[in-house]
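Have a look at the structure below before the remarks.
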Amino acid sequence: MPSAYANETQPLAIIEAMAAGLPVVASSIGGIPAMLRFEELAAGRVVKEADPEKYALAVSECLANYGVYSTAAKHIYQKRHSYRAYSAA
């Protein structure tokens with residue numbers, strides 16, 4: 001999810017990816033970094049610079065550690081973005 005929009009808040013594409021257990025590689029902009037973290041878990045990687053090589057490295061890391069990021073993505077989705085999480089708030 002590369003973005004240059006400074007006011008990016010909660011992209012639905014990221015929520016959908018986490019619901020499916022897919023690790024996310026996204027720009028470190030707006031509210032995106034906070035979406036991908038919960039306690040010590042991370043649902044993927046954020047990239048601070050608009051550099052294609054840095055995105056490629058982040059994707060490679062997510063692939064190499066797919067199981068860890070996938071499990072974290074599902075957990076973060078359940079805790080923060082699921083219907084149950086919103087209805088309990």
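Residue names in the structure tokens use chain letters A, B, ... in the order shown, residue numbers from 1 in each chain, and ligand numbers from 1 in the order shown.
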
Quick one: residues within 8 Å of Ser28 of chain A, only C-alpha atoms counted, chain neighbours fewer than 3 positions away excluded, as a compact mmCIF listing (two decimals) with N, CA, C and O atoms, in the first residue's frame?
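Generated file (selection-v9.txt):
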# COMPACT_ATOMS: atom_id res chain seq x y z
N ILE A 32 -1.25 4.77 9.12
CA ILE A 32 -0.93 3.41 8.69
C ILE A 32 0.00 2.68 9.67
O ILE A 32 -0.29 1.54 10.03
N PRO A 33 1.09 3.26 10.11
CA PRO A 33 1.97 2.50 11.02
C PRO A 33 1.24 1.99 12.27
O PRO A 33 1.46 0.86 12.69
N VAL A 46 6.41 -1.26 7.47
CA VAL A 46 6.19 0.07 6.92
C VAL A 46 7.49 0.56 6.31
O VAL A 46 8.58 0.23 6.79
N VAL A 47 7.37 1.30 5.23
CA VAL A 47 8.53 1.82 4.50
C VAL A 47 8.50 3.33 4.64
O VAL A 47 7.51 3.97 4.31
N LYS A 48 9.60 3.89 5.14
CA LYS A 48 9.64 5.33 5.42
C LYS A 48 9.98 6.18 4.21
O LYS A 48 9.66 7.35 4.17
N GLU A 49 10.63 5.61 3.23
CA GLU A 49 11.04 6.37 2.05
C GLU A 49 10.39 5.81 0.80
O GLU A 49 10.22 4.60 0.69

Which of segment 21-75 of chain A fall in alpha helix (DSSP H), as a VMD selection string: chain A and resid 32 to 35 52 to 64 66 to 75

Generate the output file for the selected residues, N, CA and C atoms, as a PDB file, in the first residue's frame.
ATOM      1  N   ILE A  32      -1.254   4.772   9.122  1.00  0.00           N
ATOM      2  CA  ILE A  32      -0.931   3.408   8.686  1.00  0.00           C
ATOM      3  C   ILE A  32      -0.005   2.677   9.667  1.00  0.00           C
ATOM      4  N   PRO A  33       1.094   3.258  10.108  1.00  0.00           N
ATOM      5  CA  PRO A  33       1.968   2.505  11.021  1.00  0.00           C
ATOM      6  C   PRO A  33       1.243   1.991  12.268  1.00  0.00           C
ATOM      7  N   ALA A  34       0.356   2.794  12.837  1.00  0.00           N
ATOM      8  CA  ALA A  34      -0.382   2.375  14.027  1.00  0.00           C
ATOM      9  C   ALA A  34      -1.342   1.232  13.723  1.00  0.00           C
ATOM     10  N   MET A  35      -1.874   1.187  12.515  1.00  0.00           N
ATOM     11  CA  MET A  35      -2.783   0.106  12.130  1.00  0.00           C
ATOM     12  C   MET A  35      -2.083  -1.243  12.154  1.00  0.00           C
ATOM     13  N   PRO A  52      11.661   2.208  -4.293  1.00  0.00           N
ATOM     14  CA  PRO A  52      11.231   0.866  -4.716  1.00  0.00           C
ATOM     15  C   PRO A  52      12.088  -0.255  -4.122  1.00  0.00           C
ATOM     16  N   GLU A  53      13.361  -0.015  -3.947  1.00  0.00           N
ATOM     17  CA  GLU A  53      14.229  -1.047  -3.374  1.00  0.00           C
ATOM     18  C   GLU A  53      13.845  -1.340  -1.920  1.00  0.00           C
ATOM     19  N   LYS A  54      13.480  -0.308  -1.180  1.00  0.00           N
ATOM     20  CA  LYS A  54      13.067  -0.503   0.216  1.00  0.00           C
ATOM     21  C   LYS A  54      11.749  -1.277   0.285  1.00  0.00           C
ATOM     22  N   TYR A  55      10.842  -0.997  -0.657  1.00  0.00           N
ATOM     23  CA  TYR A  55       9.593  -1.768  -0.709  1.00  0.00           C
ATOM     24  C   TYR A  55       9.889  -3.231  -1.036  1.00  0.00           C
ATOM     25  N   ALA A  56      10.804  -3.467  -1.967  1.00  0.00           N
ATOM     26  CA  ALA A  56      11.164  -4.837  -2.338  1.00  0.00           C
ATOM     27  C   ALA A  56      11.769  -5.577  -1.148  1.00  0.00           C
ATOM     28  N   LEU A  57      12.610  -4.918  -0.381  1.00  0.00           N
ATOM     29  CA  LEU A  57      13.205  -5.542   0.804  1.00  0.00           C
ATOM     30  C   LEU A  57      12.133  -5.861   1.846  1.00  0.00           C
ATOM     31  N   ALA A  58      11.179  -4.953   2.012  1.00  0.00           N
ATOM     32  CA  ALA A  58      10.099  -5.187   2.969  1.00  0.00           C
ATOM     33  C   ALA A  58       9.237  -6.380   2.541  1.00  0.00           C
ATOM     34  N   VAL A  59       8.949  -6.475   1.244  1.00  0.00           N
ATOM     35  CA  VAL A  59       8.175  -7.617   0.740  1.00  0.00           C
ATOM     36  C   VAL A  59       8.958  -8.910   0.963  1.00  0.00           C
ATOM     37  N   SER A  60      10.240  -8.892   0.692  1.00  0.00           N
ATOM     38  CA  SER A  60      11.079 -10.079   0.901  1.00  0.00           C
ATOM     39  C   SER A  60      11.063 -10.511   2.360  1.00  0.00           C
ATOM     40  N   GLU A  61      11.140  -9.556   3.264  1.00  0.00           N
ATOM     41  CA  GLU A  61      11.109  -9.907   4.682  1.00  0.00           C
ATOM     42  C   GLU A  61       9.766 -10.506   5.074  1.00  0.00           C
ATOM     43  N   CYS A  62       8.688  -9.934   4.555  1.00  0.00           N
ATOM     44  CA  CYS A  62       7.364 -10.483   4.857  1.00  0.00           C
ATOM     45  C   CYS A  62       7.216 -11.905   4.317  1.00  0.00           C
ATOM     46  N   LEU A  63       7.764 -12.151   3.144  1.00  0.00           N
ATOM     47  CA  LEU A  63       7.704 -13.509   2.584  1.00  0.00           C
ATOM     48  C   LEU A  63       8.538 -14.482   3.408  1.00  0.00           C
ATOM     49  N   ALA A  64       9.713 -14.036   3.843  1.00  0.00           N
ATOM     50  CA  ALA A  64      10.604 -14.900   4.624  1.00  0.00           C
ATOM     51  C   ALA A  64      10.010 -15.226   5.996  1.00  0.00           C
ATOM     52  N   TYR A  66       6.561 -15.139   6.680  1.00  0.00           N
ATOM     53  CA  TYR A  66       5.137 -15.084   6.368  1.00  0.00           C
ATOM     54  C   TYR A  66       4.260 -15.552   7.526  1.00  0.00           C
ATOM     55  N   GLY A  67       4.592 -16.669   8.123  1.00  0.00           N
ATOM     56  CA  GLY A  67       3.757 -17.228   9.190  1.00  0.00           C
ATOM     57  C   GLY A  67       3.599 -16.282  10.366  1.00  0.00           C
ATOM     58  N   VAL A  68       4.682 -15.660  10.774  1.00  0.00           N
ATOM     59  CA  VAL A  68       4.655 -14.734  11.912  1.00  0.00           C
ATOM     60  C   VAL A  68       3.792 -13.521  11.589  1.00  0.00           C
ATOM     61  N   TYR A  69       4.031 -12.917  10.414  1.00  0.00           N
ATOM     62  CA  TYR A  69       3.260 -11.732  10.036  1.00  0.00           C
ATOM     63  C   TYR A  69       1.789 -12.073   9.783  1.00  0.00           C
ATOM     64  N   SER A  70       1.521 -13.234   9.208  1.00  0.00           N
ATOM     65  CA  SER A  70       0.152 -13.642   8.928  1.00  0.00           C
ATOM     66  C   SER A  70      -0.640 -13.827  10.219  1.00  0.00           C
ATOM     67  N   THR A  71      -0.046 -14.512  11.172  1.00  0.00           N
ATOM     68  CA  THR A  71      -0.705 -14.719  12.462  1.00  0.00           C
ATOM     69  C   THR A  71      -0.952 -13.388  13.155  1.00  0.00           C
ATOM     70  N   ALA A  72       0.032 -12.509  13.114  1.00  0.00           N
ATOM     71  CA  ALA A  72      -0.115 -11.182  13.726  1.00  0.00           C
ATOM     72  C   ALA A  72      -1.204 -10.379  13.026  1.00  0.00           C
ATOM     73  N   ALA A  73      -1.259 -10.458  11.703  1.00  0.00           N
ATOM     74  CA  ALA A  73      -2.272  -9.713  10.951  1.00  0.00           C
ATOM     75  C   ALA A  73      -3.670 -10.135  11.372  1.00  0.00           C
ATOM     76  N   LYS A  74      -3.910 -11.436  11.474  1.00  0.00           N
ATOM     77  CA  LYS A  74      -5.229 -11.934  11.886  1.00  0.00           C
ATOM     78  C   LYS A  74      -5.564 -11.475  13.303  1.00  0.00           C
ATOM     79  N   HIS A  75      -4.583 -11.553  14.189  1.00  0.00           N
ATOM     80  CA  HIS A  75      -4.796 -11.156  15.583  1.00  0.00           C
ATOM     81  C   HIS A  75      -5.115  -9.663  15.688  1.00  0.00           C
TER      82      HIS A  75
END

Top pick for closest residue to Arg45 of chain A, considering A:Gln10, A:Ile29, A:Val24, A:Tyr77 and counting only C-alpha atoms: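 Smallest distance to Arg45 of chain A is found for A:Val24.
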
Where does DSSP see strand (DSSP E or B) in segment 18-82 of chain A, if you list the residues as a ChimeraX atom specification? /A:24-27,37-38,41-42,44-47

Filtering to N, CA and C atoms, could you give me those residues as a PDB file, in the first residue's frame?
ATOM      1  N   VAL A  24       1.191  -7.033   5.421  1.00  0.00           N
ATOM      2  CA  VAL A  24       1.028  -5.771   4.718  1.00  0.00           C
ATOM      3  C   VAL A  24       2.366  -5.043   4.612  1.00  0.00           C
ATOM      4  N   VAL A  25       2.647  -4.527   3.436  1.00  0.00           N
ATOM      5  CA  VAL A  25       3.776  -3.619   3.233  1.00  0.00           C
ATOM      6  C   VAL A  25       3.157  -2.298   2.820  1.00  0.00           C
ATOM      7  N   ALA A  26       3.433  -1.246   3.594  1.00  0.00           N
ATOM      8  CA  ALA A  26       2.776   0.038   3.350  1.00  0.00           C
ATOM      9  C   ALA A  26       3.700   1.202   3.668  1.00  0.00           C
ATOM     10  N   SER A  27       3.315   2.359   3.185  1.00  0.00           N
ATOM     11  CA  SER A  27       4.053   3.586   3.466  1.00  0.00           C
ATOM     12  C   SER A  27       3.896   3.959   4.935  1.00  0.00           C
ATOM     13  N   ARG A  37       0.379  -2.344  14.044  1.00  0.00           N
ATOM     14  CA  ARG A  37       1.000  -2.771  15.297  1.00  0.00           C
ATOM     15  C   ARG A  37      -0.050  -2.931  16.392  1.00  0.00           C
ATOM     16  N   PHE A  38       0.161  -3.932  17.223  1.00  0.00           N
ATOM     17  CA  PHE A  38      -0.657  -4.144  18.416  1.00  0.00           C
ATOM     18  C   PHE A  38       0.229  -4.824  19.435  1.00  0.00           C
ATOM     19  N   LEU A  41       3.172  -7.121  18.479  1.00  0.00           N
ATOM     20  CA  LEU A  41       2.932  -7.738  17.172  1.00  0.00           C
ATOM     21  C   LEU A  41       3.003  -6.720  16.043  1.00  0.00           C
ATOM     22  N   ALA A  42       3.402  -7.204  14.882  1.00  0.00           N
ATOM     23  CA  ALA A  42       3.400  -6.380  13.669  1.00  0.00           C
ATOM     24  C   ALA A  42       2.791  -7.207  12.545  1.00  0.00           C
ATOM     25  N   GLY A  44       3.068  -6.559   9.420  1.00  0.00           N
ATOM     26  CA  GLY A  44       3.841  -6.344   8.203  1.00  0.00           C
ATOM     27  C   GLY A  44       4.904  -5.301   8.435  1.00  0.00           C
ATOM     28  N   ARG A  45       5.283  -4.645   7.365  1.00  0.00           N
ATOM     29  CA  ARG A  45       6.362  -3.660   7.425  1.00  0.00           C
ATOM     30  C   ARG A  45       5.894  -2.324   6.876  1.00  0.00           C
ATOM     31  N   VAL A  46       6.405  -1.262   7.472  1.00  0.00           N
ATOM     32  CA  VAL A  46       6.187   0.073   6.923  1.00  0.00           C
ATOM     33  C   VAL A  46       7.492   0.555   6.312  1.00  0.00           C
ATOM     34  N   VAL A  47       7.370   1.297   5.235  1.00  0.00           N
ATOM     35  CA  VAL A  47       8.528   1.819   4.504  1.00  0.00           C
ATOM     36  C   VAL A  47       8.499   3.333   4.635  1.00  0.00           C
TER      37      VAL A  47
END

Could you state the separation of atom CA of Gln78 of chain A and atom CA of Gly31 of chain A in Å, given to one decimal place?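 Spanning atom CA of Gln78 of chain A to atom CA of Gly31 of chain A is a straight-line distance of 18.0 Å.
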
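Take atom CA of Leu36 of chain A and atom CA of Arg84 of chain A: the distance between them is 18.2 Å.
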
In Å to one decimal, how far is atom CA of Ala85 of chain A from atom CA of Glu39 of chain A?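 About the pair atom CA of Glu39 of chain A and atom CA of Ala85 of chain A: they are 15.7 Å apart.
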